[in-house]
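Raw final-v6.cif, mmCIF, C-alpha atoms:
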data_model
#
loop_
_atom_site.group_PDB
_atom_site.id
_atom_site.type_symbol
_atom_site.label_atom_id
_atom_site.label_comp_id
_atom_site.auth_asym_id
_atom_site.auth_seq_id
_atom_site.Cartn_x
_atom_site.Cartn_y
_atom_site.Cartn_z
ATOM 1 C CA MET Q 283 16.937 -9.548 24.898
ATOM 2 C CA ARG Q 284 15.419 -11.666 22.107
ATOM 3 C CA ARG Q 285 12.061 -12.210 23.751
ATOM 4 C CA LEU Q 286 10.160 -9.002 23.389
ATOM 5 C CA ALA Q 287 6.949 -10.607 22.131
ATOM 6 C CA ILE Q 288 3.381 -10.331 23.363
ATOM 7 C CA ILE Q 289 3.142 -6.850 24.814
ATOM 8 C CA CYS Q 290 0.498 -4.121 25.037
ATOM 9 C CA LEU Q 291 -2.255 -6.411 26.324
ATOM 10 C CA SER Q 292 -3.756 -4.046 28.863
ATOM 11 C CA ALA Q 293 -4.757 -0.415 29.086
ATOM 12 C CA ALA Q 294 -1.707 0.361 31.193
ATOM 13 C CA LEU Q 295 0.662 -1.095 28.643
ATOM 14 C CA LEU Q 296 -1.144 0.558 25.762
ATOM 15 C CA THR Q 297 0.125 3.908 26.981
ATOM 16 C CA GLY Q 298 3.549 2.999 25.610
ATOM 17 C CA CYS Q 299 2.061 2.139 22.241
ATOM 18 C CA GLY Q 300 0.162 5.433 21.932
ATOM 19 C CA MET Q 301 -3.610 5.260 21.720
ATOM 20 C CA ASP Q 302 -5.422 7.527 19.261
ATOM 21 C CA THR Q 303 -8.320 8.938 21.258
ATOM 22 C CA THR Q 304 -9.985 12.316 21.411
ATOM 23 C CA SER Q 305 -7.962 13.271 24.485
ATOM 24 C CA ASP Q 306 -4.700 11.682 23.346
ATOM 25 C CA PRO Q 307 -4.264 12.010 19.567
ATOM 26 C CA LEU Q 308 -1.274 10.433 17.915
ATOM 27 C CA GLN Q 309 1.282 13.150 17.197
ATOM 28 C CA VAL Q 310 3.826 13.473 14.426
ATOM 29 C CA THR Q 311 7.132 11.879 15.373
ATOM 30 C CA ASP Q 312 9.850 14.102 16.793
ATOM 31 C CA THR Q 313 11.875 13.908 13.577
ATOM 32 C CA LEU Q 314 9.027 15.508 11.565
ATOM 33 C CA ALA Q 315 9.881 13.136 8.721
ATOM 34 C CA ALA Q 316 9.036 9.596 7.764
ATOM 35 C CA ALA Q 317 11.704 6.962 8.310
ATOM 36 C CA THR Q 318 13.764 5.981 5.269
ATOM 37 C CA PRO Q 319 16.038 3.049 4.409
ATOM 38 C CA ALA Q 320 19.677 3.249 5.458
ATOM 39 C CA THR Q 321 22.288 4.054 2.850
ATOM 40 C CA ALA Q 322 23.748 0.638 2.174
ATOM 41 C CA PRO Q 323 27.493 0.038 2.405
ATOM 42 C CA PRO Q 324 29.425 -1.591 -0.440
ATOM 43 C CA ALA Q 325 28.788 -5.324 -0.674
ATOM 44 C CA THR Q 326 31.432 -7.498 0.980
ATOM 45 C CA THR Q 327 29.789 -10.888 0.326
ATOM 46 C CA PRO Q 328 28.590 -12.185 -3.050
ATOM 47 C CA PRO Q 329 24.782 -12.110 -3.174
ATOM 48 C CA ALA Q 330 22.905 -15.384 -2.958
ATOM 49 C CA GLY Q 331 21.071 -16.738 -5.997
ATOM 50 C CA THR Q 332 21.195 -15.033 -9.376
ATOM 51 C CA VAL Q 333 21.516 -11.322 -10.132
ATOM 52 C CA HIS Q 334 19.988 -9.711 -13.227
ATOM 53 C CA PRO Q 335 20.620 -6.164 -14.493
ATOM 54 C CA ALA Q 336 18.046 -3.478 -13.775
ATOM 55 C CA PRO Q 337 17.968 0.289 -13.274
ATOM 56 C CA PRO Q 338 17.323 1.614 -9.758
ATOM 57 C CA VAL Q 339 14.062 0.070 -8.544
ATOM 58 C CA GLN Q 340 11.722 1.794 -6.090
ATOM 59 C CA HIS Q 341 8.903 -0.779 -5.923
ATOM 60 C CA THR Q 342 8.631 -4.516 -6.498
ATOM 61 C CA ALA Q 343 5.542 -6.715 -6.774
ATOM 62 C CA TYR Q 344 4.711 -10.271 -7.889
ATOM 63 C CA ASP Q 345 1.481 -11.600 -9.410
ATOM 64 C CA ARG Q 346 1.037 -15.345 -8.933
ATOM 65 C CA ASP Q 347 -1.749 -15.729 -11.528
ATOM 66 C CA THR Q 348 0.367 -14.491 -14.439
ATOM 67 C CA HIS Q 349 3.782 -15.332 -12.927
ATOM 68 C CA THR Q 350 4.807 -11.719 -13.403
ATOM 69 C CA LEU Q 351 7.481 -9.865 -11.465
ATOM 70 C CA VAL Q 352 6.927 -6.098 -11.627
ATOM 71 C CA LEU Q 353 9.828 -3.675 -11.145
ATOM 72 C CA ALA Q 354 9.112 0.053 -10.971
ATOM 73 C CA SER Q 355 11.945 2.444 -11.855
ATOM 74 C CA GLY Q 356 10.458 5.909 -11.793
ATOM 75 C CA PRO Q 357 7.539 5.858 -14.272
ATOM 76 C CA ASP Q 358 8.955 2.832 -16.113
ATOM 77 C CA LEU Q 359 7.628 -0.629 -15.326
ATOM 78 C CA THR Q 360 9.499 -3.799 -16.259
ATOM 79 C CA LEU Q 361 7.281 -6.894 -16.387
ATOM 80 C CA VAL Q 362 9.392 -10.035 -16.029
ATOM 81 C CA ASP Q 363 8.341 -13.653 -16.502
ATOM 82 C CA PRO Q 364 10.889 -15.427 -14.251
ATOM 83 C CA ARG Q 365 10.159 -18.768 -15.900
ATOM 84 C CA THR Q 366 11.555 -17.599 -19.234
ATOM 85 C CA ASN Q 367 13.395 -14.392 -18.223
ATOM 86 C CA THR Q 368 11.414 -12.550 -20.894
ATOM 87 C CA GLN Q 369 10.577 -8.899 -20.270
ATOM 88 C CA ARG Q 370 8.028 -6.336 -21.328
ATOM 89 C CA THR Q 371 8.130 -2.640 -20.538
ATOM 90 C CA LEU Q 372 5.450 -0.080 -19.896
ATOM 91 C CA THR Q 373 5.799 3.627 -19.122
ATOM 92 C CA LEU Q 374 3.276 5.245 -16.796
ATOM 93 C CA PRO Q 375 2.435 8.979 -16.814
ATOM 94 C CA SER Q 376 4.410 9.390 -13.565
ATOM 95 C CA ALA Q 377 6.175 7.344 -10.908
ATOM 96 C CA PRO Q 378 3.922 5.172 -8.729
ATOM 97 C CA ALA Q 379 3.783 5.566 -4.951
ATOM 98 C CA THR Q 380 2.563 1.984 -4.509
ATOM 99 C CA LEU Q 381 2.019 -1.181 -6.534
ATOM 100 C CA ARG Q 382 -0.520 -3.918 -5.848
ATOM 101 C CA THR Q 383 -1.204 -7.139 -7.742
ATOM 102 C CA ASP Q 384 -4.347 -9.251 -7.662
ATOM 103 C CA ARG Q 385 -5.398 -12.032 -10.016
ATOM 104 C CA GLY Q 386 -3.590 -10.756 -13.068
ATOM 105 C CA GLN Q 387 -4.124 -7.077 -12.430
ATOM 106 C CA LEU Q 388 -1.625 -4.480 -11.265
ATOM 107 C CA THR Q 389 -2.902 -1.357 -9.524
ATOM 108 C CA ALA Q 390 -0.536 1.607 -9.454
ATOM 109 C CA ALA Q 391 -1.216 4.813 -7.527
ATOM 110 C CA LEU Q 392 0.259 7.863 -9.278
ATOM 111 C CA PRO Q 393 0.015 10.879 -6.960
ATOM 112 C CA ASP Q 394 1.842 13.348 -9.215
ATOM 113 C CA THR Q 395 -0.674 12.919 -12.046
ATOM 114 C CA ASN Q 396 -3.795 12.228 -9.921
ATOM 115 C CA LEU Q 397 -4.301 8.767 -11.371
ATOM 116 C CA ILE Q 398 -5.060 5.234 -10.299
ATOM 117 C CA THR Q 399 -3.904 3.026 -13.169
ATOM 118 C CA ARG Q 400 -4.993 -0.598 -13.505
ATOM 119 C CA ILE Q 401 -2.854 -2.753 -15.768
ATOM 120 C CA ASP Q 402 -3.829 -6.101 -17.242
ATOM 121 C CA LEU Q 403 -0.619 -8.073 -16.813
ATOM 122 C CA ARG Q 404 -1.608 -10.541 -19.515
ATOM 123 C CA THR Q 405 -1.785 -7.862 -22.199
ATOM 124 C CA ALA Q 406 0.213 -5.019 -20.572
ATOM 125 C CA THR Q 407 -2.660 -2.638 -21.270
ATOM 126 C CA ALA Q 408 -3.451 0.190 -18.854
ATOM 127 C CA GLN Q 409 -6.734 1.763 -17.783
ATOM 128 C CA PRO Q 410 -6.166 5.050 -15.902
ATOM 129 C CA THR Q 411 -8.779 6.629 -13.644
ATOM 130 C CA GLN Q 412 -8.538 10.294 -12.696
ATOM 131 C CA ILE Q 413 -8.714 10.791 -8.915
ATOM 132 C CA PRO Q 414 -7.896 14.339 -7.773
ATOM 133 C CA GLY Q 415 -5.949 14.775 -4.568
ATOM 134 C CA GLY Q 416 -2.765 12.820 -5.248
ATOM 135 C CA PRO Q 417 -3.648 9.135 -4.649
ATOM 136 C CA VAL Q 418 -0.808 7.258 -2.948
ATOM 137 C CA ASP Q 419 -2.493 3.871 -2.411
ATOM 138 C CA ALA Q 420 -5.728 2.115 -3.363
ATOM 139 C CA ILE Q 421 -7.377 -1.202 -2.592
ATOM 140 C CA ASP Q 422 -10.598 -2.684 -3.926
ATOM 141 C CA LEU Q 423 -13.050 -3.486 -1.147
ATOM 142 C CA ASP Q 424 -15.443 -5.288 -3.493
ATOM 143 C CA GLY Q 425 -16.570 -5.081 -7.089
ATOM 144 C CA ASN Q 426 -17.927 -1.564 -6.669
ATOM 145 C CA ARG Q 427 -15.923 0.089 -3.876
ATOM 146 C CA THR Q 428 -12.321 1.242 -3.738
ATOM 147 C CA ALA Q 429 -10.528 2.839 -0.788
ATOM 148 C CA VAL Q 430 -7.961 5.494 -1.720
ATOM 149 C CA ILE Q 431 -5.404 7.458 0.290
ATOM 150 C CA LEU Q 432 -5.203 11.070 -0.909
ATOM 151 C CA ARG Q 433 -1.889 12.791 -0.279
ATOM 152 C CA ASP Q 434 -3.044 16.392 -0.693
ATOM 153 C CA THR Q 435 -5.714 16.202 2.028
ATOM 154 C CA ALA Q 436 -4.144 13.409 4.124
ATOM 155 C CA THR Q 437 -7.449 11.542 4.017
ATOM 156 C CA VAL Q 438 -8.836 8.132 3.112
ATOM 157 C CA THR Q 439 -11.844 8.155 0.793
ATOM 158 C CA VAL Q 440 -14.081 5.255 -0.189
ATOM 159 C CA LEU Q 441 -15.357 5.480 -3.755
ATOM 160 C CA GLN Q 442 -18.372 3.518 -4.959
ATOM 161 C CA ASN Q 443 -18.483 3.395 -8.739
ATOM 162 C CA GLY Q 444 -16.229 6.462 -8.677
ATOM 163 C CA ASN Q 445 -18.343 8.490 -6.254
ATOM 164 C CA PRO Q 446 -17.153 9.222 -2.697
ATOM 165 C CA THR Q 447 -19.287 7.596 0.008
ATOM 166 C CA ALA Q 448 -17.114 8.042 3.113
ATOM 167 C CA THR Q 449 -14.036 10.058 4.038
ATOM 168 C CA THR Q 450 -11.727 9.718 7.019
ATOM 169 C CA GLU Q 451 -9.707 12.788 7.986
ATOM 170 C CA LYS Q 452 -7.001 13.967 10.389
ATOM 171 C CA PHE Q 453 -4.144 11.759 9.298
ATOM 172 C CA GLN Q 454 -0.636 13.216 9.056
ATOM 173 C CA GLY Q 455 1.174 10.990 6.582
ATOM 174 C CA PRO Q 456 -1.115 8.156 5.430
ATOM 175 C CA ALA Q 457 0.897 5.884 3.164
ATOM 176 C CA GLN Q 458 -0.540 2.379 2.969
ATOM 177 C CA LEU Q 459 -3.914 0.640 3.200
ATOM 178 C CA LEU Q 460 -4.242 -2.776 4.796
ATOM 179 C CA PRO Q 461 -7.341 -4.993 4.484
ATOM 180 C CA THR Q 462 -8.665 -6.381 7.782
ATOM 181 C CA HIS Q 463 -11.633 -8.526 8.723
ATOM 182 C CA GLY Q 464 -14.608 -6.264 8.069
ATOM 183 C CA GLY Q 465 -12.600 -3.117 7.446
ATOM 184 C CA ILE Q 466 -9.295 -1.513 6.576
ATOM 185 C CA ALA Q 467 -6.354 -0.101 8.480
ATOM 186 C CA VAL Q 468 -4.020 2.745 7.570
ATOM 187 C CA LEU Q 469 -0.271 2.911 8.060
ATOM 188 C CA ASP Q 470 0.667 6.523 8.782
ATOM 189 C CA ARG Q 471 4.399 7.062 8.410
ATOM 190 C CA LEU Q 472 4.511 10.479 10.057
ATOM 191 C CA THR Q 473 2.703 9.441 13.228
ATOM 192 C CA THR Q 474 4.275 5.950 12.808
ATOM 193 C CA ALA Q 475 0.930 4.375 13.652
ATOM 194 C CA ILE Q 476 -1.703 1.870 12.554
ATOM 195 C CA THR Q 477 -5.308 3.106 12.597
ATOM 196 C CA PRO Q 478 -8.459 1.076 11.779
ATOM 197 C CA ILE Q 479 -11.281 2.530 9.655
ATOM 198 C CA ASP Q 480 -14.860 1.438 9.070
ATOM 199 C CA PRO Q 481 -15.132 1.807 5.270
ATOM 200 C CA ALA Q 482 -18.934 1.986 5.416
ATOM 201 C CA THR Q 483 -18.983 5.140 7.529
ATOM 202 C CA GLY Q 484 -15.414 6.437 7.501
ATOM 203 C CA THR Q 485 -15.303 6.162 11.287
ATOM 204 C CA LYS Q 486 -11.764 6.087 12.615
ATOM 205 C CA GLY Q 487 -10.981 3.640 15.419
ATOM 206 C CA ALA Q 488 -8.327 3.949 18.109
ATOM 207 C CA GLY Q 489 -4.856 3.847 16.562
ATOM 208 C CA LEU Q 490 -1.683 2.369 17.986
ATOM 209 C CA ARG Q 491 1.920 3.436 17.647
ATOM 210 C CA ALA Q 492 3.979 1.196 15.398
ATOM 211 C CA GLY Q 493 7.421 1.794 16.846
ATOM 212 C CA GLN Q 494 9.631 4.791 16.200
ATOM 213 C CA GLY Q 495 9.463 4.888 12.404
ATOM 214 C CA ALA Q 496 7.124 2.468 10.648
ATOM 215 C CA THR Q 497 7.669 2.266 6.900
ATOM 216 C CA ASN Q 498 6.036 -0.826 5.386
ATOM 217 C CA ALA Q 499 3.365 -3.328 6.380
ATOM 218 C CA ILE Q 500 1.533 -6.418 5.122
ATOM 219 C CA THR Q 501 -1.319 -8.609 6.335
ATOM 220 C CA ASP Q 502 -0.841 -12.331 6.876
ATOM 221 C CA ARG Q 503 -3.275 -15.216 6.476
ATOM 222 C CA TYR Q 504 -4.155 -15.055 10.168
ATOM 223 C CA GLY Q 505 -5.503 -11.527 9.765
ATOM 224 C CA ARG Q 506 -2.588 -9.885 11.559
ATOM 225 C CA ILE Q 507 -0.769 -6.758 10.397
ATOM 226 C CA ILE Q 508 3.003 -7.225 10.203
ATOM 227 C CA THR Q 509 4.891 -3.932 10.246
ATOM 228 C CA ILE Q 510 8.493 -2.871 9.808
ATOM 229 C CA ASP Q 511 9.815 -0.245 12.234
ATOM 230 C CA THR Q 512 12.845 0.951 10.307
ATOM 231 C CA ARG Q 513 13.957 3.605 12.779
ATOM 232 C CA GLY Q 514 13.439 1.395 15.840
ATOM 233 C CA GLN Q 515 14.788 -1.696 14.012
ATOM 234 C CA GLU Q 516 11.948 -4.020 14.922
ATOM 235 C CA LEU Q 517 9.358 -6.334 13.396
ATOM 236 C CA LEU Q 518 5.907 -5.663 14.877
ATOM 237 C CA ALA Q 519 2.728 -7.746 14.764
ATOM 238 C CA PHE Q 520 -0.796 -6.492 15.478
ATOM 239 C CA SER Q 521 -4.023 -8.399 15.871
ATOM 240 C CA THR Q 522 -6.884 -6.480 14.285
ATOM 241 C CA ASP Q 523 -10.058 -7.513 16.125
ATOM 242 C CA PRO Q 524 -9.429 -5.523 18.248
ATOM 243 C CA LEU Q 525 -6.244 -3.705 17.229
ATOM 244 C CA ILE Q 526 -3.611 -4.810 19.748
ATOM 245 C CA MET Q 527 0.154 -4.999 19.397
ATOM 246 C CA LYS Q 528 1.046 -8.640 20.057
ATOM 247 C CA GLN Q 529 4.714 -8.815 19.122
ATOM 248 C CA ARG Q 530 7.763 -6.608 18.762
ATOM 249 C CA TYR Q 531 10.961 -8.346 17.793
ATOM 250 C CA PRO Q 532 14.446 -6.825 17.323
ATOM 251 C CA VAL Q 533 15.711 -6.742 13.732
ATOM 252 C CA PRO Q 534 19.066 -4.898 13.627
ATOM 253 C CA GLY Q 535 20.288 -3.594 10.280
ATOM 254 C CA ALA Q 536 17.725 -0.925 9.291
ATOM 255 C CA PRO Q 537 14.904 -3.224 8.089
ATOM 256 C CA TYR Q 538 12.871 -1.782 5.244
ATOM 257 C CA GLY Q 539 11.595 -4.073 2.467
ATOM 258 C CA LEU Q 540 8.876 -6.533 3.496
ATOM 259 C CA ALA Q 541 7.110 -9.420 1.758
ATOM 260 C CA TYR Q 542 4.998 -12.300 3.037
ATOM 261 C CA ASP Q 543 4.873 -15.907 1.828
ATOM 262 C CA PRO Q 544 1.483 -17.287 2.942
ATOM 263 C CA THR Q 545 2.378 -20.827 1.860
ATOM 264 C CA ARG Q 546 5.373 -21.078 4.205
ATOM 265 C CA ASP Q 547 4.331 -18.397 6.714
ATOM 266 C CA LEU Q 548 7.580 -16.518 6.190
ATOM 267 C CA ALA Q 549 8.008 -12.785 6.498
ATOM 268 C CA TRP Q 550 10.944 -11.704 4.344
ATOM 269 C CA VAL Q 551 12.706 -8.536 5.539
ATOM 270 C CA THR Q 552 15.510 -6.661 3.793
ATOM 271 C CA LEU Q 553 18.236 -5.062 5.914
ATOM 272 C CA THR Q 554 19.483 -1.969 4.117
ATOM 273 C CA ALA Q 555 22.355 -1.258 6.522
ATOM 274 C CA THR Q 556 23.909 -4.705 6.036
ATOM 275 C CA ASN Q 557 22.773 -5.813 2.549
ATOM 276 C CA GLU Q 558 20.956 -8.866 3.879
ATOM 277 C CA LEU Q 559 17.622 -10.635 3.593
ATOM 278 C CA VAL Q 560 16.148 -12.393 6.631
ATOM 279 C CA GLY Q 561 13.253 -14.854 6.600
ATOM 280 C CA TYR Q 562 11.182 -15.096 9.790
ATOM 281 C CA ASP Q 563 8.718 -17.869 10.570
ATOM 282 C CA ILE Q 564 5.758 -15.958 12.022
ATOM 283 C CA THR Q 565 3.421 -18.823 12.906
ATOM 284 C CA GLY Q 566 4.205 -18.849 16.629
ATOM 285 C CA GLY Q 567 4.208 -16.467 19.561
ATOM 286 C CA GLU Q 568 7.345 -14.701 18.346
ATOM 287 C CA PRO Q 569 9.207 -14.633 15.021
ATOM 288 C CA GLN Q 570 11.829 -17.310 14.467
ATOM 289 C CA GLU Q 571 14.707 -16.617 12.093
ATOM 290 C CA ARG Q 572 14.871 -19.367 9.445
ATOM 291 C CA HIS Q 573 17.014 -17.806 6.707
ATOM 292 C CA ARG Q 574 19.677 -15.100 6.432
ATOM 293 C CA LEU Q 575 21.094 -14.370 2.991
ATOM 294 C CA PRO Q 576 23.491 -11.807 1.476
ATOM 295 C CA THR Q 577 21.900 -9.478 -1.061
ATOM 296 C CA ILE Q 578 22.769 -6.944 -3.693
ATOM 297 C CA THR Q 579 23.436 -3.445 -2.382
ATOM 298 C CA GLN Q 580 20.584 -1.170 -1.284
ATOM 299 C CA PRO Q 581 17.889 -3.895 -1.145
ATOM 300 C CA ASN Q 582 14.932 -1.555 -0.648
ATOM 301 C CA SER Q 583 12.177 -3.793 -1.995
ATOM 302 C CA VAL Q 584 11.307 -7.484 -2.052
ATOM 303 C CA ALA Q 585 8.569 -9.733 -3.417
ATOM 304 C CA VAL Q 586 7.895 -13.467 -3.179
ATOM 305 C CA ASP Q 587 6.283 -16.163 -5.316
ATOM 306 C CA PRO Q 588 4.116 -18.114 -2.842
ATOM 307 C CA ASP Q 589 3.951 -21.136 -5.145
ATOM 308 C CA THR Q 590 7.681 -21.738 -5.626
ATOM 309 C CA GLY Q 591 9.011 -19.802 -2.640
ATOM 310 C CA ASP Q 592 11.313 -17.806 -4.917
ATOM 311 C CA ILE Q 593 12.286 -14.391 -3.538
ATOM 312 C CA TYR Q 594 12.939 -11.308 -5.662
ATOM 313 C CA ILE Q 595 15.058 -8.544 -4.158
ATOM 314 C CA ALA Q 596 15.537 -5.267 -6.022
ATOM 315 C CA SER Q 597 18.238 -2.652 -5.579
ATOM 316 C CA ALA Q 598 17.420 1.046 -5.395
ATOM 317 C CA ASN Q 599 20.903 2.088 -6.566
ATOM 318 C CA GLY Q 600 21.121 0.169 -9.823
ATOM 319 C CA ALA Q 601 22.726 -3.067 -8.598
ATOM 320 C CA GLY Q 602 19.980 -5.047 -10.364
ATOM 321 C CA TYR Q 603 17.479 -7.537 -9.034
ATOM 322 C CA GLN Q 604 18.229 -10.813 -7.339
ATOM 323 C CA VAL Q 605 16.395 -14.142 -7.527
ATOM 324 C CA VAL Q 606 16.809 -16.588 -4.644
ATOM 325 C CA ARG Q 607 15.248 -20.005 -4.123
ATOM 326 C CA VAL Q 608 15.450 -21.379 -0.578
#

Output the file's structure in the form of structure tokens.
Amino acid sequence: MRRLAIICLSAALLTGCGMDTTSDPLQVTDTLAAATPATAPPATTPPAGTVHPAPPVQHTAYDRDTHTLVLASGPDLTLVDPRTNTQRTLTLPSAPATLRTDRGQLTAALPDTNLITRIDLRTATAQPTQIPGGPVDAIDLDGNRTAVILRDTATVTVLQNGNPTATTEKFQGPAQLLPTHGGIAVLDRLTTAITPIDPATGTKGAGLRAGQGATNAITDRYGRIITIDTRGQELLAFSTDPLIMKQRYPVPGAPYGLAYDPTRDLAWVTLTATNELVGYDITGGEPQERHRLPTITQPNSVAVDPDTGDIYIASANGAGYQVVRV
């Protein structure tokens, strides 16, 4: 039962994955709601590593250039330097839907106040940009172009110097943007699917189902998209040129949080039903479990320092954040 890798390699098998074509559009899942993390049970095993106090955390990110761990609790950001355990705080106009870090900059999408806020992590100064439509995620394509998911219209828009140049429509619950070679892909949590987009024209490619309830995704250094299927309890891997599902691997325990260590090629997955963290080596044809660690309760988010290998797990119910070195 462990070897479920390398599927969906032909048109016949793709039927099970769900192609997004004109005659067969991807439909909203039967539940009519995006998958969510399991409600964690009380901890029965002491968590590995060190636990620090923190309010309930919804999002976690790490910036390797400034050695900054970012914890988002509603609109409040805590910026932690793990080397010294010093902290700074910053309050945003509203709670972010996503956080992204890149070379000393944090990008936060604030749908409730129609803002994309860029924060210099060296100075903790913020530069907000008004983007109507409820932005839920944004990535910079180059120095002039930014792709943004807009919640209110369920679209992806490419902005060049703030002006829209391409828009992709007919999503149901677009939640996350993923850079690919020559383009971007969209994780839609309502259709539980991955769909490629040409950012130059807004043309939507054929999408594929990502299990029964995809929630989070990352890209690895091989150009693959690694996705968590929380409802189906699987780890999925897609090649992107073309978009083909290559792996689906069972991960019992309501997987939810996901982080990738490109130095060690480890995908770190939190299990919210069992209060555990699992590290999978994803270099081969199927994931190989390398680490399994007890965590704090409700481990909804995780980040990793690719230089040291340190892992940061944050609790969504106020159990703090956990630092583990493996």

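Taking only C-alpha atoms into account, Trp550 (chain Q) lies nearest to Q:Pro581 out of the set Q:Pro393, Q:Pro581, Q:Gly484, Q:Pro357.
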
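Nearest to Leu403 (chain Q) of all the residues Q:His349, Q:Arg433, Q:Lys528, Q:His463 is Q:His349, based on only C-alpha atoms.
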
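Nearest residue to Asp592 (chain Q), choosing from Q:Ile578, Q:Leu548, Q:Ala536, Q:Ala492 and counting all atoms listed in the file: Q:Leu548.
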
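In this model, the gap between CA of Arg365 (chain Q) and CA of Val605 (chain Q) comes to 11.4 Å.
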
Checklist entry - Just so the selection is clear, what residues does the PyMOL selection byres ((chain Q and resi 461) around 10) cover here, as a PyMOL selection string? => result chain Q and resi 421-423+429+459-460+462-468+478-479+500-501+505-507+522

Need the axis-aligned box for region 414-425 of chain Q with 4 Å each side, so what are the centre and edges in Å to one decimal, as AutoDock Vina command-line options?
--center_x -8.7 --center_y 4.7 --center_z -4.5 --size_x 23.8 --size_y 28.1 --size_z 14.6

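Nearest residue to Thr439 (chain Q), choosing from Q:Gly495, Q:Pro481, Q:Gly561, Q:Gly425 and counting only C-alpha atoms: Q:Pro481.
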
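Of the listed residues Q:Ala585, Q:Ala316, Q:Val339, Q:Ala406, the one whose atoms come nearest to Leu469 (chain Q) is Q:Ala316, with distances taken using only C-alpha atoms.
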
What does the PyMOL selection byres ((chain Q and resi 560) around 7) select in this file, as a PDB file with C-alpha atoms, in the frame of the given file?
ATOM      1  CA  TRP Q 550      10.944 -11.704   4.344  1.00  0.00           C
ATOM      2  CA  VAL Q 551      12.706  -8.536   5.539  1.00  0.00           C
ATOM      3  CA  THR Q 552      15.510  -6.661   3.793  1.00  0.00           C
ATOM      4  CA  GLU Q 558      20.956  -8.866   3.879  1.00  0.00           C
ATOM      5  CA  LEU Q 559      17.622 -10.635   3.593  1.00  0.00           C
ATOM      6  CA  GLY Q 561      13.253 -14.854   6.600  1.00  0.00           C
ATOM      7  CA  TYR Q 562      11.182 -15.096   9.790  1.00  0.00           C
ATOM      8  CA  HIS Q 573      17.014 -17.806   6.707  1.00  0.00           C
ATOM      9  CA  ARG Q 574      19.677 -15.100   6.432  1.00  0.00           C
ATOM     10  CA  LEU Q 575      21.094 -14.370   2.991  1.00  0.00           C
TER      11      LEU Q 575
END

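Applied to the file shown here, the PyMOL selection byres ((chain Q and resi 351) around 6) selects the residues Q:Ala343, Q:Tyr344, Q:Thr350, Q:Val352, Q:Leu361, Q:Val362.
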
Residues of region 340-396 of chain Q at most 12 Å from region 326-336 of chain Q: nearest atom pair and distance in Å, only C-alpha atoms, as JSON lines:
{"residue": "Q:Gln340", "atom": "CA", "partner": "Q:Ala336", "partner_atom": "CA", "distance": 11.3}
{"residue": "Q:Thr342", "atom": "CA", "partner": "Q:Ala336", "partner_atom": "CA", "distance": 11.9}
{"residue": "Q:Val352", "atom": "CA", "partner": "Q:Ala336", "partner_atom": "CA", "distance": 11.6}
{"residue": "Q:Leu353", "atom": "CA", "partner": "Q:Ala336", "partner_atom": "CA", "distance": 8.6}
{"residue": "Q:Ala354", "atom": "CA", "partner": "Q:Ala336", "partner_atom": "CA", "distance": 10.0}
{"residue": "Q:Ser355", "atom": "CA", "partner": "Q:Ala336", "partner_atom": "CA", "distance": 8.7}
{"residue": "Q:Asp358", "atom": "CA", "partner": "Q:Ala336", "partner_atom": "CA", "distance": 11.3}
{"residue": "Q:Leu359", "atom": "CA", "partner": "Q:Ala336", "partner_atom": "CA", "distance": 10.9}
{"residue": "Q:Thr360", "atom": "CA", "partner": "Q:Ala336", "partner_atom": "CA", "distance": 8.9}
{"residue": "Q:Leu361", "atom": "CA", "partner": "Q:Ala336", "partner_atom": "CA", "distance": 11.6}
{"residue": "Q:Val362", "atom": "CA", "partner": "Q:His334", "partner_atom": "CA", "distance": 11.0}
{"residue": "Q:Pro364", "atom": "CA", "partner": "Q:His334", "partner_atom": "CA", "distance": 10.8}
{"residue": "Q:Asn367", "atom": "CA", "partner": "Q:His334", "partner_atom": "CA", "distance": 9.5}
{"residue": "Q:Thr368", "atom": "CA", "partner": "Q:His334", "partner_atom": "CA", "distance": 11.8}
{"residue": "Q:Gln369", "atom": "CA", "partner": "Q:Ala336", "partner_atom": "CA", "distance": 11.3}

Next on the checklist: To one decimal place in Å, what is the distance between CA of Thr428 (chain Q) and CA of Pro414 (chain Q)?
Outcome noted: 14.4 Å

Item to check | Contact residues around region 381-390 of chain Q with all atoms listed in the file at 8 Å, ignoring same-chain residues under 2 positions, as a ChimeraX atom specification | outcome: /Q:341-348,378-379,392,398-404,419-420

Residues within 12 Å of Thr449 (chain Q), all atoms listed in the file, excluding chain neighbours under 5 positions, as a tab-separated table (two decimals) with C-alpha atoms, keeping the file's coordinate frame:
chain	number	residue	atom	x	y	z
Q	428	THR	CA	-12.32	1.24	-3.74
Q	429	ALA	CA	-10.53	2.84	-0.79
Q	430	VAL	CA	-7.96	5.49	-1.72
Q	431	ILE	CA	-5.40	7.46	0.29
Q	432	LEU	CA	-5.20	11.07	-0.91
Q	435	THR	CA	-5.71	16.20	2.03
Q	436	ALA	CA	-4.14	13.41	4.12
Q	437	THR	CA	-7.45	11.54	4.02
Q	438	VAL	CA	-8.84	8.13	3.11
Q	439	THR	CA	-11.84	8.15	0.79
Q	440	VAL	CA	-14.08	5.26	-0.19
Q	441	LEU	CA	-15.36	5.48	-3.76
Q	442	GLN	CA	-18.37	3.52	-4.96
Q	479	ILE	CA	-11.28	2.53	9.65
Q	480	ASP	CA	-14.86	1.44	9.07
Q	481	PRO	CA	-15.13	1.81	5.27
Q	482	ALA	CA	-18.93	1.99	5.42
Q	483	THR	CA	-18.98	5.14	7.53
Q	484	GLY	CA	-15.41	6.44	7.50
Q	485	THR	CA	-15.30	6.16	11.29
Q	486	LYS	CA	-11.76	6.09	12.62

Checklist entry - Using all atoms listed in the file, which residue out of Q:Thr545, Q:Gln529, Q:Asn445, Q:Thr321 lies closest to Gln412 (chain Q)? => result Q:Asn445
